[in-house]
Amino acid sequence: MWASIKIFAMIGWRNLWRNKRRSLVVITSMALGIFAMLLSMGIMNGMNNQMVENTISTSLGHISIQRKGFQNDMKLQNSFVPSKELKNILSDIHDLKAFTPRIKMDGMIRSSEASRGVLIMGIDPVHEKTVSKILEYTLGEAAGSYLTDSEASDILISKTLADKLDLLVGDKVVLMFQNLQKEIVGTALTVKGLYQSPIDSFDKYVVYTGLQNLQKLTGMGTKISEISIRVTHRKQVDKVVEELRNSIHEPLFTILSWKEMAPNLFRAVTIFDTMMYIFFAIIFTTVVFSIANTLIMAIMERFHEIGVMKSIGTSPNRIGAMVLFEAMNLGIVGLVAGIGVSVLIIALLAYTGIDLSFYMESMRTLGTGHIIYPALKSKDIIASTFIVLTTTLLAALYPAVKAARIKPLEALHHI
Amino acid sequence: MNIIELENVYKNYETHGNIIPALRGVNLQIAKGEFAALAGPSGSGKTTLLNIIGGLDQPTSGSVTVGNTRLNQLSKKAISDLRLRKIGFVFQAYNLIPVLTAIENVEYVLLLQGINKKDRLTRSKDVLREVGLEKEMYRPPHELSGGQQQRVAVARAIVSSPDIVLADEPTANLDQKTGAHLLAMMRELNLREHITFLFSTHDPMVMEHSKRLINLIDGRIVSDEIHSKP
């Protein structure tokens with residue numbers, strides 16, 4: 001059996017190179033198709049990654065510990081005092097990189113020119129920079145600086161918001177919000193600095209002030225809205241969530257992963273992923289015809305030879321198997337060439353990045369950043385291998401059946 | 001003991017609604033170990049008869065028995081298996097598999113029979129040595145002369161020690177010297193291995209070398225002569 005497979009694989013391989021030019025054209029078209037698809041997948045992976053990572057790095061965090069109900073109703077009453085015991089539990093978890101307390105509340109910012117509805121984030125400037133990238137996003141020099149004092153009456157706003165409200169660093173703004181007693185209060189804050197994140201919607205909506213300053217203004221005391229957590233790697237999120245759920249027994253708390261806090265983002269990424277595979281399969285159904293055509297031509301050219309093989313006792317099944325092996329050889333060579341070229345080029349692009357500055361605004365709307373770093377996952381290579389080999393096999397079925405049905409006598413008379 | 005038996009075999013071809021008879025009531029018995037030739041002018045039915053005996057074609061009516069097997073009752077797969085195990089073919093145009101070397105062409109039949117690698121190689125090399133091609137074993141067919149290719153074809157036909165070798169005009173594409181050498185070689189195999197040889201030919205040299213000459217005209221056997229000289 002094995003020897004039989006070996007000889008038909010060998011005959012298939014040698015037959016493949018009898019018409020080098022024709023085989024190379026098909027192999028090149030397959031390799032180009034695979035490269036185009038893997039590059040698209042790589043770019044899509046890169047965009048998805050960056051979109052998720054940027055969202056996590058601005059407001060979401062990997063994991064959040066909140067009071068139950070806060071996720072759906074962001075009011076101050078859904079706040080809590082972080083106990084020493086809770087902090088100890090967090091410090092003991094191995095894959096937990098950093099955590100920071102936050103207050104999140106809705107409010108309004110007013111300048112002399114205009115006013116806007118905003119999300120006010122009360123942050124601890126020292127710990128916040130270990131969880132989010134807000135320090136990295138803060139623009140330097142004339143655009144001021146990052147918050148330094150948690151008690152100071154300073155505010156950090158985005159450049160986008162500053163332009164809309166006609167504000168410069170050092171200007172005063174009024175921040176209005178509801179305090180814990182549900183009274184509307186207003187306070188004057190100084191614009192300490194400007195930031196620019198890769199997410200347009202975030203920039204239009206989020207302002208930062210010191211945690212202790214906000215606790216004092218709202219009358220929250222030592223209460224906070226959430227503890228935002230960063231883990232060592234995004235892959236560890238589910239594991240750490242599980243550990244936290246097992247360690248924290250306070251029934252008032254809920255522990256949410258980024259997927260639970262931003263389900264639409266998670267769903268969008270999953271849908272993009274699936275769509276790429278469907279797209280890949282559609283592209284390769286067109287390659288099916290090219291492979292089938294090549295094989296039919298090869299069989300017609302070898303009609304007489306197949307007749308000889310049958311007349312000396314080769315069964316129809318074995319003739320069919322020989323054609324399938326020939327197709328698989330074609331598929332494997334195309335696959336190896338396509339994946340080889342793709343891995344090399346995508347690795348290079350993953351290092352240099354693809355600069356899409358001329359689509360900057362669109363990229364900021366998507367939240368990906370304007371330099372995309374393509375990323376190839378092993379599951380993409382496995383999926384492309386499966387799709388290419390399956391389509392190749394499907395393409396070869398008709399030619400294989402046709403070859404198996406050749407009548408030896410008819411073929412022997414064929415010149 | 002007869003190894004081939006044909007009883008009242010008819011074969012008609014239909015072309016554009018016209019029925020063209022190729023064989024008209026052929027009765028023939030070939031005993032094991034014979035060295036026989038079917039002779040006759042073109043269109044007399046000798047190749048058709050050879051194809052029917054080899055299971056490559058089916059008779060319109062009549063019975064064909066090879067060994068103890070009646071071909072009329074066999075499935076395509078069973079006929080294919082019979083050709084693989086009991087019958088060796090030698091064609092006018094050599095018909096080697098071009099992507100395989102001489103030894104691979106010979107080994108191919110044994111491989112289909114499921115013979116192990118060691119035995120395959122030993123038998124293939126032995127038989128190629130017997131036909132005088134020990135130096136050309138690893139050459140592909142296009143690097144061999146016509147005579148050498150036909151010797152590879154004979155080696156392929158006899159390597160599995162079949163009961164019968166059917167040879168359709170085996171010397172037609174060879175010069176006289178090469179043809180004579182090939183015939184002498186086949187006769188030697190016939191005597192030594194007791195393989196039954198049946199040729200279709202209109203080459204006088206083949207007719208002369210054969211031990212039995214069956215003449216066909218218009219699909220009928222018109223004479224059947226045994227040559228007594230050794």
# chains A, B, ... in the order shown; residues from 1 in each chain; ligands from 1

$ interface_residues --of "chain A" --to "chain B" --cutoff "7 Å" --atoms "only C-alpha atoms" --output "ChimeraX atom specification"
/A:3-4,11,14-15,305,308,311-315,408-409

$ residues_around --residues "A:Thr28" --least-positions-apart "6" --cutoff "10 Å" --atoms "only C-alpha atoms" --output "NGL selection string"
:A and (22 or 34 or 333-335 or 337-338)

$ closest_residue --among "A:Leu194, A:Ile65, A:Ile291, A:Ile306" --to "A:Glu136" --atoms "only C-alpha atoms"
A:Leu194

$ closest_residue --among "A:Asp166, A:Leu211, A:Asn72, A:Ile43" --to "A:Ile123" --atoms "only C-alpha atoms"
A:Leu211

$ atom_distance --atom1 "atom CA of B:Gln29" --atom2 "atom CA of B:Met205"
23.3 Å

$ residues_around --residues "B:Met185" --least-positions-apart "2" --cutoff "12 Å" --atoms "only C-alpha atoms" --output "list of chain:residue names"
B:Val127, B:Leu128, B:Arg129, B:Glu130, B:Val131, B:Gly132, B:Gln150, B:Arg151, B:Val154, B:Ala155, B:Ile158, B:Thr178, B:Gly179, B:Ala180, B:His181, B:Leu182, B:Leu183, B:Arg187, B:Glu188, B:Leu189, B:Asn190, B:Leu191, B:Arg192, B:Glu193, B:Phe197, B:His209

$ write_last_selection --atoms "N, CA and C atoms" --output "PDB file, in the first residue's frame"
ATOM      1  N   VAL B 127      15.561  -9.637 -14.748  1.00  0.00           N
ATOM      2  CA  VAL B 127      14.889  -9.709 -16.044  1.00  0.00           C
ATOM      3  C   VAL B 127      15.498  -8.706 -17.038  1.00  0.00           C
ATOM      4  N   LEU B 128      15.931  -7.563 -16.521  1.00  0.00           N
ATOM      5  CA  LEU B 128      16.596  -6.603 -17.421  1.00  0.00           C
ATOM      6  C   LEU B 128      17.946  -7.141 -17.878  1.00  0.00           C
ATOM      7  N   ARG B 129      18.599  -7.876 -16.986  1.00  0.00           N
ATOM      8  CA  ARG B 129      19.864  -8.525 -17.366  1.00  0.00           C
ATOM      9  C   ARG B 129      19.598  -9.563 -18.459  1.00  0.00           C
ATOM     10  N   GLU B 130      18.501 -10.311 -18.278  1.00  0.00           N
ATOM     11  CA  GLU B 130      18.138 -11.347 -19.260  1.00  0.00           C
ATOM     12  C   GLU B 130      17.906 -10.764 -20.648  1.00  0.00           C
ATOM     13  N   VAL B 131      17.325  -9.567 -20.699  1.00  0.00           N
ATOM     14  CA  VAL B 131      17.088  -8.959 -22.021  1.00  0.00           C
ATOM     15  C   VAL B 131      18.267  -8.080 -22.449  1.00  0.00           C
ATOM     16  N   GLY B 132      19.367  -8.169 -21.707  1.00  0.00           N
ATOM     17  CA  GLY B 132      20.611  -7.499 -22.113  1.00  0.00           C
ATOM     18  C   GLY B 132      20.637  -6.005 -21.857  1.00  0.00           C
ATOM     19  N   GLN B 150      11.852  -1.670 -26.664  1.00  0.00           N
ATOM     20  CA  GLN B 150      11.001  -2.851 -26.820  1.00  0.00           C
ATOM     21  C   GLN B 150      11.481  -3.979 -25.895  1.00  0.00           C
ATOM     22  N   ARG B 151      12.785  -4.022 -25.647  1.00  0.00           N
ATOM     23  CA  ARG B 151      13.284  -5.045 -24.721  1.00  0.00           C
ATOM     24  C   ARG B 151      12.825  -4.745 -23.283  1.00  0.00           C
ATOM     25  N   VAL B 154       9.340  -5.942 -23.126  1.00  0.00           N
ATOM     26  CA  VAL B 154       9.284  -7.408 -22.952  1.00  0.00           C
ATOM     27  C   VAL B 154       9.603  -7.755 -21.491  1.00  0.00           C
ATOM     28  N   ALA B 155      10.625  -7.077 -20.952  1.00  0.00           N
ATOM     29  CA  ALA B 155      10.990  -7.322 -19.548  1.00  0.00           C
ATOM     30  C   ALA B 155       9.800  -7.012 -18.642  1.00  0.00           C
ATOM     31  N   ILE B 158       7.200  -9.801 -18.850  1.00  0.00           N
ATOM     32  CA  ILE B 158       7.492 -11.138 -18.301  1.00  0.00           C
ATOM     33  C   ILE B 158       7.928 -11.129 -16.834  1.00  0.00           C
ATOM     34  N   THR B 178      17.494  -6.194 -34.973  1.00  0.00           N
ATOM     35  CA  THR B 178      16.974  -6.016 -33.604  1.00  0.00           C
ATOM     36  C   THR B 178      15.750  -6.894 -33.406  1.00  0.00           C
ATOM     37  N   GLY B 179      14.887  -6.943 -34.446  1.00  0.00           N
ATOM     38  CA  GLY B 179      13.672  -7.757 -34.378  1.00  0.00           C
ATOM     39  C   GLY B 179      14.020  -9.226 -34.176  1.00  0.00           C
ATOM     40  N   ALA B 180      15.018  -9.699 -34.909  1.00  0.00           N
ATOM     41  CA  ALA B 180      15.412 -11.104 -34.816  1.00  0.00           C
ATOM     42  C   ALA B 180      15.953 -11.412 -33.410  1.00  0.00           C
ATOM     43  N   HIS B 181      16.725 -10.473 -32.886  1.00  0.00           N
ATOM     44  CA  HIS B 181      17.297 -10.657 -31.557  1.00  0.00           C
ATOM     45  C   HIS B 181      16.191 -10.728 -30.498  1.00  0.00           C
ATOM     46  N   LEU B 182      15.190  -9.848 -30.674  1.00  0.00           N
ATOM     47  CA  LEU B 182      14.073  -9.791 -29.725  1.00  0.00           C
ATOM     48  C   LEU B 182      13.274 -11.097 -29.773  1.00  0.00           C
ATOM     49  N   LEU B 183      13.036 -11.589 -30.991  1.00  0.00           N
ATOM     50  CA  LEU B 183      12.270 -12.833 -31.148  1.00  0.00           C
ATOM     51  C   LEU B 183      13.001 -14.013 -30.517  1.00  0.00           C
ATOM     52  N   ARG B 187      11.646 -16.350 -27.543  1.00  0.00           N
ATOM     53  CA  ARG B 187      11.575 -17.821 -27.705  1.00  0.00           C
ATOM     54  C   ARG B 187      12.308 -18.519 -26.544  1.00  0.00           C
ATOM     55  N   GLU B 188      13.454 -17.937 -26.172  1.00  0.00           N
ATOM     56  CA  GLU B 188      14.223 -18.515 -25.076  1.00  0.00           C
ATOM     57  C   GLU B 188      13.415 -18.479 -23.772  1.00  0.00           C
ATOM     58  N   LEU B 189      12.726 -17.345 -23.555  1.00  0.00           N
ATOM     59  CA  LEU B 189      11.886 -17.206 -22.358  1.00  0.00           C
ATOM     60  C   LEU B 189      10.731 -18.199 -22.399  1.00  0.00           C
ATOM     61  N   ASN B 190      10.213 -18.390 -23.610  1.00  0.00           N
ATOM     62  CA  ASN B 190       9.106 -19.331 -23.818  1.00  0.00           C
ATOM     63  C   ASN B 190       9.535 -20.749 -23.442  1.00  0.00           C
ATOM     64  N   LEU B 191      10.745 -21.094 -23.857  1.00  0.00           N
ATOM     65  CA  LEU B 191      11.230 -22.449 -23.591  1.00  0.00           C
ATOM     66  C   LEU B 191      11.618 -22.625 -22.128  1.00  0.00           C
ATOM     67  N   ARG B 192      12.278 -21.571 -21.599  1.00  0.00           N
ATOM     68  CA  ARG B 192      12.786 -21.690 -20.234  1.00  0.00           C
ATOM     69  C   ARG B 192      11.702 -21.522 -19.177  1.00  0.00           C
ATOM     70  N   GLU B 193      10.849 -20.499 -19.366  1.00  0.00           N
ATOM     71  CA  GLU B 193       9.855 -20.164 -18.337  1.00  0.00           C
ATOM     72  C   GLU B 193       8.472 -20.762 -18.628  1.00  0.00           C
ATOM     73  N   PHE B 197       3.321 -17.426 -25.541  1.00  0.00           N
ATOM     74  CA  PHE B 197       3.425 -16.180 -26.328  1.00  0.00           C
ATOM     75  C   PHE B 197       2.424 -16.230 -27.470  1.00  0.00           C
ATOM     76  N   HIS B 209       9.475 -17.645 -37.142  1.00  0.00           N
ATOM     77  CA  HIS B 209       9.953 -18.067 -35.824  1.00  0.00           C
ATOM     78  C   HIS B 209       8.877 -18.726 -34.975  1.00  0.00           C
TER      79      HIS B 209
END

$ residues_around --residues "B:Thr171" --least-positions-apart "2" --cutoff "8 Å" --atoms "only C-alpha atoms" --output "VMD selection string"
chain B and resid 92 169 173 to 175 179 182 203 206

$ closest_residue --among "A:Ala395, A:Ala383, A:Leu389, A:Leu180" --to "A:Leu214" --atoms "only C-alpha atoms"
A:Leu180
